[in-house]
$ cat target-v8.cif   # mmCIF, C-alpha atoms
data_target
loop_
_atom_site.group_PDB
_atom_site.id
_atom_site.type_symbol
_atom_site.label_atom_id
_atom_site.label_comp_id
_atom_site.auth_asym_id
_atom_site.auth_seq_id
_atom_site.Cartn_x
_atom_site.Cartn_y
_atom_site.Cartn_z
ATOM 1 C CA LEU A 1 0.000 0.000 0.000
ATOM 2 C CA VAL A 2 2.823 2.363 0.808
ATOM 3 C CA CYS A 3 4.432 1.654 -2.551
ATOM 4 C CA GLY A 4 1.127 2.278 -4.323
ATOM 5 C CA ALA A 5 0.650 5.583 -2.550
ATOM 6 C CA ALA A 6 4.197 6.627 -3.384
ATOM 7 C CA ALA A 7 3.656 5.776 -7.033
ATOM 8 C CA ALA A 8 0.429 7.775 -7.094
ATOM 9 C CA ALA A 9 2.202 10.730 -5.524
ATOM 10 C CA THR A 10 4.951 10.485 -8.105
ATOM 11 C CA ILE A 11 2.446 10.499 -10.954
ATOM 12 C CA SER A 12 0.598 13.472 -9.527
ATOM 13 C CA LEU A 13 3.806 15.488 -9.364
ATOM 14 C CA GLU A 14 4.677 15.080 -13.046
ATOM 15 C CA PRO A 15 4.755 18.483 -14.770
ATOM 16 C CA ALA A 16 1.910 19.366 -17.100
ATOM 17 C CA PRO A 17 2.671 19.853 -20.815
ATOM 18 C CA PRO A 18 3.890 23.380 -21.533
ATOM 19 C CA ALA A 19 1.046 25.729 -22.439
ATOM 20 C CA LEU A 20 1.180 27.811 -25.604
ATOM 21 C CA ALA A 21 2.628 31.216 -24.766
ATOM 22 C CA ALA A 22 0.335 34.222 -24.767
ATOM 23 C CA VAL A 23 -0.660 34.948 -28.342
ATOM 24 C CA ALA A 24 -0.840 38.439 -29.808
ATOM 25 C CA PRO A 25 -3.363 38.719 -32.663
ATOM 26 C CA ALA A 26 -2.129 39.031 -36.240
ATOM 27 C CA VAL A 27 -3.018 42.553 -37.290
ATOM 28 C CA VAL A 28 -2.844 44.374 -40.605
ATOM 29 C CA ALA A 29 0.758 45.091 -41.548
ATOM 30 C CA GLN A 30 0.556 48.854 -41.906
ATOM 31 C CA ARG A 31 2.131 50.478 -44.937
ATOM 32 C CA PHE A 32 4.831 53.029 -44.139
ATOM 33 C CA SER A 33 4.026 55.081 -47.242
ATOM 34 C CA PHE A 34 0.847 56.694 -48.546
ATOM 35 C CA GLN A 35 1.056 55.023 -51.957
ATOM 36 C CA SER A 36 2.355 51.557 -52.828
ATOM 37 C CA THR A 37 4.159 50.914 -56.116
ATOM 38 C CA ILE A 38 2.306 48.393 -58.295
ATOM 39 C CA SER A 39 3.898 47.642 -61.659
ATOM 40 C CA PRO A 40 2.861 45.182 -64.413
ATOM 41 C CA LEU A 41 5.547 42.620 -65.195
ATOM 42 C CA PRO A 42 6.679 41.635 -68.687
ATOM 43 C CA PRO A 43 6.018 40.145 -71.085
ATOM 44 C CA PHE A 44 2.220 40.517 -71.026
ATOM 45 C CA GLY A 45 1.411 42.066 -67.649
ATOM 46 C CA ALA A 46 -0.402 38.973 -66.375
ATOM 47 C CA LEU A 47 1.518 39.416 -63.115
ATOM 48 C CA SER A 48 2.130 42.608 -61.183
ATOM 49 C CA SER A 49 4.787 43.558 -58.658
ATOM 50 C CA PHE A 50 3.810 45.132 -55.313
ATOM 51 C CA GLU A 51 6.440 47.194 -53.459
ATOM 52 C CA ASP A 52 6.245 49.269 -50.302
ATOM 53 C CA GLU A 53 7.551 49.668 -46.742
ATOM 54 C CA LEU A 54 5.861 48.245 -43.648
ATOM 55 C CA THR A 55 5.978 49.713 -40.166
ATOM 56 C CA THR A 56 7.730 47.687 -37.469
ATOM 57 C CA PRO A 57 6.683 47.318 -33.807
ATOM 58 C CA LYS A 58 7.643 50.058 -31.348
ATOM 59 C CA GLY A 59 11.181 49.669 -30.102
ATOM 60 C CA SER A 60 12.460 48.048 -33.292
ATOM 61 C CA LYS A 61 15.887 49.039 -34.573
ATOM 62 C CA ASN A 62 14.447 50.138 -37.904
ATOM 63 C CA PRO A 63 11.117 52.000 -38.274
ATOM 64 C CA SER A 64 10.200 50.031 -41.389
ATOM 65 C CA VAL A 65 11.028 47.006 -43.522
ATOM 66 C CA ARG A 66 10.859 46.587 -47.291
ATOM 67 C CA VAL A 67 8.138 44.371 -48.748
ATOM 68 C CA HIS A 68 7.519 43.146 -52.231
ATOM 69 C CA PHE A 69 5.722 40.263 -53.897
ATOM 70 C CA GLU A 70 4.143 39.317 -57.205
ATOM 71 C CA PHE A 71 0.462 38.624 -57.789
ATOM 72 C CA PRO A 72 -1.975 38.036 -60.686
ATOM 73 C CA SER A 73 -2.932 41.397 -62.149
ATOM 74 C CA GLN A 74 -6.679 40.685 -61.995
ATOM 75 C CA TRP A 75 -6.584 40.747 -58.197
ATOM 76 C CA SER A 76 -7.979 43.960 -56.709
ATOM 77 C CA GLN A 77 -6.605 45.791 -53.707
ATOM 78 C CA ILE A 78 -9.216 46.541 -51.041
ATOM 79 C CA ASP A 79 -9.220 48.538 -47.784
ATOM 80 C CA LYS A 80 -6.348 50.738 -49.003
ATOM 81 C CA ALA A 81 -7.638 53.624 -46.908
ATOM 82 C CA LEU A 82 -6.981 51.591 -43.755
ATOM 83 C CA GLY A 83 -3.271 51.410 -44.536
ATOM 84 C CA GLY A 84 -3.039 47.661 -44.987
ATOM 85 C CA ILE A 85 -2.489 45.251 -47.865
ATOM 86 C CA THR A 86 -5.398 43.002 -48.832
ATOM 87 C CA LEU A 87 -6.007 41.645 -52.321
ATOM 88 C CA VAL A 88 -8.955 39.688 -53.659
ATOM 89 C CA ASP A 89 -9.916 37.878 -56.852
ATOM 90 C CA GLY A 90 -13.561 38.767 -57.290
ATOM 91 C CA ASN A 91 -14.160 35.862 -59.659
ATOM 92 C CA THR A 92 -12.850 33.012 -57.515
ATOM 93 C CA GLY A 93 -12.923 34.351 -53.953
ATOM 94 C CA LEU A 94 -9.159 33.992 -53.517
ATOM 95 C CA LYS A 95 -7.836 36.369 -50.850
ATOM 96 C CA CYS A 96 -4.372 37.554 -49.951
ATOM 97 C CA TYR A 97 -3.459 39.339 -46.706
ATOM 98 C CA VAL A 98 -0.205 40.808 -45.411
ATOM 99 C CA LEU A 99 -0.202 40.545 -41.615
ATOM 100 C CA ARG A 100 2.068 41.245 -38.660
ATOM 101 C CA ALA A 101 2.120 39.505 -35.285
ATOM 102 C CA SER A 102 4.463 40.057 -32.347
ATOM 103 C CA LEU A 103 6.312 36.873 -31.428
ATOM 104 C CA PRO A 104 5.935 35.601 -27.835
ATOM 105 C CA GLU A 105 8.656 36.713 -25.446
ATOM 106 C CA GLY A 106 11.663 34.441 -25.655
ATOM 107 C CA GLU A 107 10.552 32.883 -28.952
ATOM 108 C CA THR A 108 11.797 33.249 -32.499
ATOM 109 C CA LEU A 109 10.159 32.455 -35.808
ATOM 110 C CA ALA A 110 12.056 29.165 -35.833
ATOM 111 C CA SER A 111 11.271 28.128 -32.248
ATOM 112 C CA VAL A 112 7.612 29.134 -31.870
ATOM 113 C CA PRO A 113 5.254 26.104 -32.021
ATOM 114 C CA LYS A 114 3.440 25.711 -35.332
ATOM 115 C CA ALA A 115 0.108 25.964 -33.476
ATOM 116 C CA TRP A 116 0.970 29.595 -32.743
ATOM 117 C CA PHE A 117 0.380 30.563 -36.368
ATOM 118 C CA GLY A 118 -3.210 29.345 -36.336
ATOM 119 C CA GLU A 119 -3.883 30.989 -32.990
ATOM 120 C CA THR A 120 -2.513 34.387 -33.981
ATOM 121 C CA ILE A 121 -3.960 34.474 -37.514
ATOM 122 C CA PHE A 122 -7.475 33.487 -36.426
ATOM 123 C CA ASP A 123 -7.543 35.332 -33.097
ATOM 124 C CA GLU A 124 -10.897 37.076 -32.635
ATOM 125 C CA LYS A 125 -9.057 40.385 -32.220
ATOM 126 C CA GLY A 126 -6.971 39.851 -35.354
ATOM 127 C CA ALA A 127 -7.361 41.456 -38.768
ATOM 128 C CA ILE A 128 -9.102 38.542 -40.475
ATOM 129 C CA VAL A 129 -11.884 38.023 -37.923
ATOM 130 C CA ARG A 130 -12.350 41.733 -37.225
ATOM 131 C CA GLY A 131 -12.564 42.260 -40.971
ATOM 132 C CA GLY A 132 -15.793 40.245 -41.015
ATOM 133 C CA THR A 133 -14.653 36.665 -41.623
ATOM 134 C CA GLY A 134 -16.264 34.264 -39.158
ATOM 135 C CA ILE A 135 -14.041 31.301 -38.289
ATOM 136 C CA ASP A 136 -15.545 27.971 -37.274
ATOM 137 C CA THR A 137 -12.472 25.707 -37.097
ATOM 138 C CA PHE A 138 -8.832 25.831 -38.181
ATOM 139 C CA LYS A 139 -5.803 23.561 -38.312
ATOM 140 C CA VAL A 140 -2.118 24.088 -39.063
ATOM 141 C CA THR A 141 -1.341 21.298 -41.524
ATOM 142 C CA SER A 142 2.348 21.883 -42.212
ATOM 143 C CA SER A 143 5.320 23.930 -41.104
ATOM 144 C CA LYS A 144 8.922 24.163 -42.273
ATOM 145 C CA MET A 145 11.807 26.601 -42.285
ATOM 146 C CA ILE A 146 12.907 27.598 -45.782
ATOM 147 C CA ASP A 147 15.746 29.599 -47.305
ATOM 148 C CA SER A 148 15.445 33.365 -47.647
ATOM 149 C CA PRO A 149 16.440 35.048 -50.917
ATOM 150 C CA PRO A 150 19.486 37.371 -50.985
ATOM 151 C CA GLY A 151 18.865 40.632 -49.138
ATOM 152 C CA ALA A 152 15.833 39.365 -47.220
ATOM 153 C CA ALA A 153 15.409 38.820 -43.495
ATOM 154 C CA PRO A 154 17.310 35.595 -42.756
ATOM 155 C CA SER A 155 14.606 33.700 -40.838
ATOM 156 C CA ARG A 156 11.743 32.450 -43.047
ATOM 157 C CA ARG A 157 9.023 29.845 -42.452
ATOM 158 C CA ARG A 158 6.282 28.322 -44.635
ATOM 159 C CA ILE A 159 2.941 27.270 -43.109
ATOM 160 C CA GLY A 160 -0.044 25.335 -44.481
ATOM 161 C CA LEU A 161 -3.565 25.906 -43.139
ATOM 162 C CA LYS A 162 -7.033 24.412 -43.384
ATOM 163 C CA TYR A 163 -9.945 26.374 -41.966
ATOM 164 C CA THR A 164 -13.701 26.710 -42.153
ATOM 165 C CA VAL A 165 -15.458 30.061 -42.433
ATOM 166 C CA VAL A 166 -19.050 30.866 -41.565
ATOM 167 C CA THR A 167 -20.836 32.900 -44.236
ATOM 168 C CA GLY A 168 -23.470 35.569 -43.682
ATOM 169 C CA ASN A 169 -26.280 33.056 -44.194
ATOM 170 C CA GLN A 170 -24.681 30.720 -41.613
ATOM 171 C CA LYS A 171 -23.321 28.237 -44.126
ATOM 172 C CA THR A 172 -19.806 26.871 -43.734
ATOM 173 C CA VAL A 173 -17.123 26.929 -46.430
ATOM 174 C CA ASP A 174 -13.815 25.066 -46.204
ATOM 175 C CA ARG A 175 -10.708 26.944 -47.269
ATOM 176 C CA ARG A 176 -7.014 26.199 -47.668
ATOM 177 C CA ALA A 177 -4.143 28.642 -47.294
ATOM 178 C CA VAL A 178 -0.406 28.974 -47.549
ATOM 179 C CA VAL A 179 1.458 31.401 -45.272
ATOM 180 C CA ASP A 180 4.947 32.749 -45.848
ATOM 181 C CA ALA A 181 6.519 34.388 -42.800
ATOM 182 C CA TYR A 182 9.700 36.338 -42.036
ATOM 183 C CA GLU A 183 11.019 37.502 -38.674
ATOM 184 C CA ALA A 184 11.918 41.189 -38.312
ATOM 185 C CA GLY A 185 11.896 43.475 -35.277
ATOM 186 C CA GLY A 186 10.551 40.790 -32.925
ATOM 187 C CA ALA A 187 7.533 40.167 -35.138
ATOM 188 C CA ALA A 188 6.418 37.766 -37.835
ATOM 189 C CA PHE A 189 5.514 39.464 -41.101
ATOM 190 C CA MET A 190 3.216 37.107 -42.982
ATOM 191 C CA LEU A 191 1.635 36.838 -46.397
ATOM 192 C CA LEU A 192 -1.432 34.594 -46.337
ATOM 193 C CA ALA A 193 -2.967 33.481 -49.646
ATOM 194 C CA SER A 194 -6.226 31.539 -49.361
ATOM 195 C CA ALA A 195 -8.844 29.904 -51.584
ATOM 196 C CA THR A 196 -11.821 27.584 -51.197
ATOM 197 C CA SER A 197 -10.991 23.892 -50.819
ATOM 198 C CA THR A 198 -13.117 23.005 -53.859
ATOM 199 C CA LYS A 199 -10.863 25.099 -56.112
ATOM 200 C CA TRP A 200 -7.565 24.484 -54.321
ATOM 201 C CA GLU A 201 -6.208 21.547 -56.302
ATOM 202 C CA SER A 202 -7.527 22.723 -59.683
ATOM 203 C CA ALA A 203 -5.701 26.047 -59.974
ATOM 204 C CA GLU A 204 -5.766 28.137 -56.818
ATOM 205 C CA LYS A 205 -3.075 26.181 -54.952
ATOM 206 C CA GLU A 206 -0.545 27.070 -57.643
ATOM 207 C CA ARG A 207 -1.487 30.768 -57.608
ATOM 208 C CA CYS A 208 -1.370 30.961 -53.819
ATOM 209 C CA GLU A 209 1.959 29.148 -53.560
ATOM 210 C CA ARG A 210 3.515 31.258 -56.318
ATOM 211 C CA THR A 211 2.475 34.452 -54.555
ATOM 212 C CA ALA A 212 3.805 33.183 -51.211
ATOM 213 C CA GLU A 213 7.099 32.153 -52.800
ATOM 214 C CA SER A 214 7.595 35.679 -54.181
ATOM 215 C CA PHE A 215 7.029 37.312 -50.766
ATOM 216 C CA PHE A 216 10.076 39.287 -49.605
ATOM 217 C CA ILE A 217 10.771 41.171 -46.384
ATOM 218 C CA GLY A 218 14.053 43.088 -46.430
ATOM 219 C CA LEU A 219 15.733 44.615 -43.417
#
$ encode --input "target-v8.cif" --output "structure tokens"
Amino acid sequence: LVCGAAAAATISLEPAPPALAAVAPAVVAQRFSFQSTISPLPPFGALSSFEDELTTPKGSKNPSVRVHFEFPSQWSQIDKALGGITLVDGNTGLKCYVLRASLPEGETLASVPKAWFGETIFDEKGAIVRGGTGIDTFKVTSSKMIDSPPGAAPSRRRIGLKYTVVTGNQKTVDRRAVVDAYEAGGAAFMLLASATSTKWESAEKERCERTAESFFIGL
């Protein structure tokens, strides 16, 4: 009996699994300038280049970081007056956001658990939910560190997401997304490109991944 009690005491004293650190919501990455530079790319202008500067969190060494990426020219920029970067394809429902989230204290882009990305992106106080997108469920499906291009912030991570949104008439729609993230000034700067699951494998996966691959954050 004594041995049994001792064993029970030992089990009860085992530490609980570490909890996910406090999560700051992913907000709109604010443009540093009043007007972004959008230029059609040769040879036919089917793709356009987006260039600007983004503000960094208070206390950062640099007040801004460079951003550029390429996107299909038929995408339209919305909410420009709010200072952020959001693009949408009105024909297919594809959406592209540029977001910023402060990393938890003591964590880096490489060390933060992959679950953190889902929590910060779909936080109820974050840009996506506050922008009117209702989220039912979400899951981080993949995560890996990847190489940064020359001149970019050195720490870069690629994330895969599945999530379900609730429409205005209370129907649910499954979506897939790819997220490209860089670390700069203690924050993750992220480009999220998303499309409905029904169109993901046909064409939208390629467009989303190509846009994410072109994402660049320079210090």
$ atom_distance --input "target-v8.cif" --atom1 "atom CA of Asp147 of chain A" --atom2 "atom CA of Ser64 of chain A"
22.0 Å
$ closest_residue --input "target-v8.cif" --among "A:Phe44, A:Trp200, A:Trp75, A:Trp116" --to "Ala177 of chain A" --atoms "all atoms listed in the file"
A:Trp200
$ residues_around --input "target-v8.cif" --residues "segment 148-150 of chain A" --least-positions-apart "6" --cutoff "12 Å" --atoms "all atoms listed in the file" --output "number ranges by chain"
A: 156-158, 180-183, 213-219
$ residues_around --input "target-v8.cif" --residues "Phe50 of chain A" --least-positions-apart "2" --cutoff "9 Å" --atoms "all atoms listed in the file" --output "ChimeraX atom specification"
/A:36-39,48,52,67-71
$ closest_residue --input "target-v8.cif" --among "A:Thr133, A:Thr141, A:Ser33, A:Ser102" --to "Ile85 of chain A" --atoms "all atoms listed in the file"
A:Ser33
$ atom_distance --input "target-v8.cif" --atom1 "atom CA of Ala22 of chain A" --atom2 "atom CA of Val129 of chain A"
18.4 Å
$ resolve_selection --input "target-v8.cif" --expression "the PyMOL selection byres ((chain A and resi 29) around 7)" --output "count of residues only"
9
$ axis_aligned_box --input "target-v8.cif" --around "segment 146-152 of chain A" --padding-each-side "3 Å" --output "lines of an AutoDock Vina configuration file"
center_x = 16.2
center_y = 34.1
center_z = -48.4
size_x = 12.6
size_y = 19.0
size_z = 11.2
$ residues_near_point --input "target-v8.cif" --point "(-10.4, 28.8, -43.9)" --cutoff "8 Å" --atoms "all atoms listed in the file" --output "ChimeraX atom specification"
/A:135,137-138,161-165,173-177,194-196
$ atom_distance --input "target-v8.cif" --atom1 "atom CA of Phe117 of chain A" --atom2 "atom CA of Gly186 of chain A"
14.8 Å
$ decode --input "target-v8.cif" --residues "segment 80-124 of chain A" --atoms "C-alpha atoms" --output "short mmCIF file (atom, residue, chain, number, x, y, z; two decimals), in the first residue's frame"
data_model
loop_
_atom_site.label_atom_id
_atom_site.label_comp_id
_atom_site.auth_asym_id
_atom_site.auth_seq_id
_atom_site.Cartn_x
_atom_site.Cartn_y
_atom_site.Cartn_z
CA LYS A 80 -6.35 50.74 -49.00
CA ALA A 81 -7.64 53.62 -46.91
CA LEU A 82 -6.98 51.59 -43.75
CA GLY A 83 -3.27 51.41 -44.54
CA GLY A 84 -3.04 47.66 -44.99
CA ILE A 85 -2.49 45.25 -47.86
CA THR A 86 -5.40 43.00 -48.83
CA LEU A 87 -6.01 41.64 -52.32
CA VAL A 88 -8.95 39.69 -53.66
CA ASP A 89 -9.92 37.88 -56.85
CA GLY A 90 -13.56 38.77 -57.29
CA ASN A 91 -14.16 35.86 -59.66
CA THR A 92 -12.85 33.01 -57.51
CA GLY A 93 -12.92 34.35 -53.95
CA LEU A 94 -9.16 33.99 -53.52
CA LYS A 95 -7.84 36.37 -50.85
CA CYS A 96 -4.37 37.55 -49.95
CA TYR A 97 -3.46 39.34 -46.71
CA VAL A 98 -0.20 40.81 -45.41
CA LEU A 99 -0.20 40.55 -41.61
CA ARG A 100 2.07 41.24 -38.66
CA ALA A 101 2.12 39.50 -35.28
CA SER A 102 4.46 40.06 -32.35
CA LEU A 103 6.31 36.87 -31.43
CA PRO A 104 5.94 35.60 -27.83
CA GLU A 105 8.66 36.71 -25.45
CA GLY A 106 11.66 34.44 -25.66
CA GLU A 107 10.55 32.88 -28.95
CA THR A 108 11.80 33.25 -32.50
CA LEU A 109 10.16 32.46 -35.81
CA ALA A 110 12.06 29.17 -35.83
CA SER A 111 11.27 28.13 -32.25
CA VAL A 112 7.61 29.13 -31.87
CA PRO A 113 5.25 26.10 -32.02
CA LYS A 114 3.44 25.71 -35.33
CA ALA A 115 0.11 25.96 -33.48
CA TRP A 116 0.97 29.59 -32.74
CA PHE A 117 0.38 30.56 -36.37
CA GLY A 118 -3.21 29.35 -36.34
CA GLU A 119 -3.88 30.99 -32.99
CA THR A 120 -2.51 34.39 -33.98
CA ILE A 121 -3.96 34.47 -37.51
CA PHE A 122 -7.48 33.49 -36.43
CA ASP A 123 -7.54 35.33 -33.10
CA GLU A 124 -10.90 37.08 -32.64
#
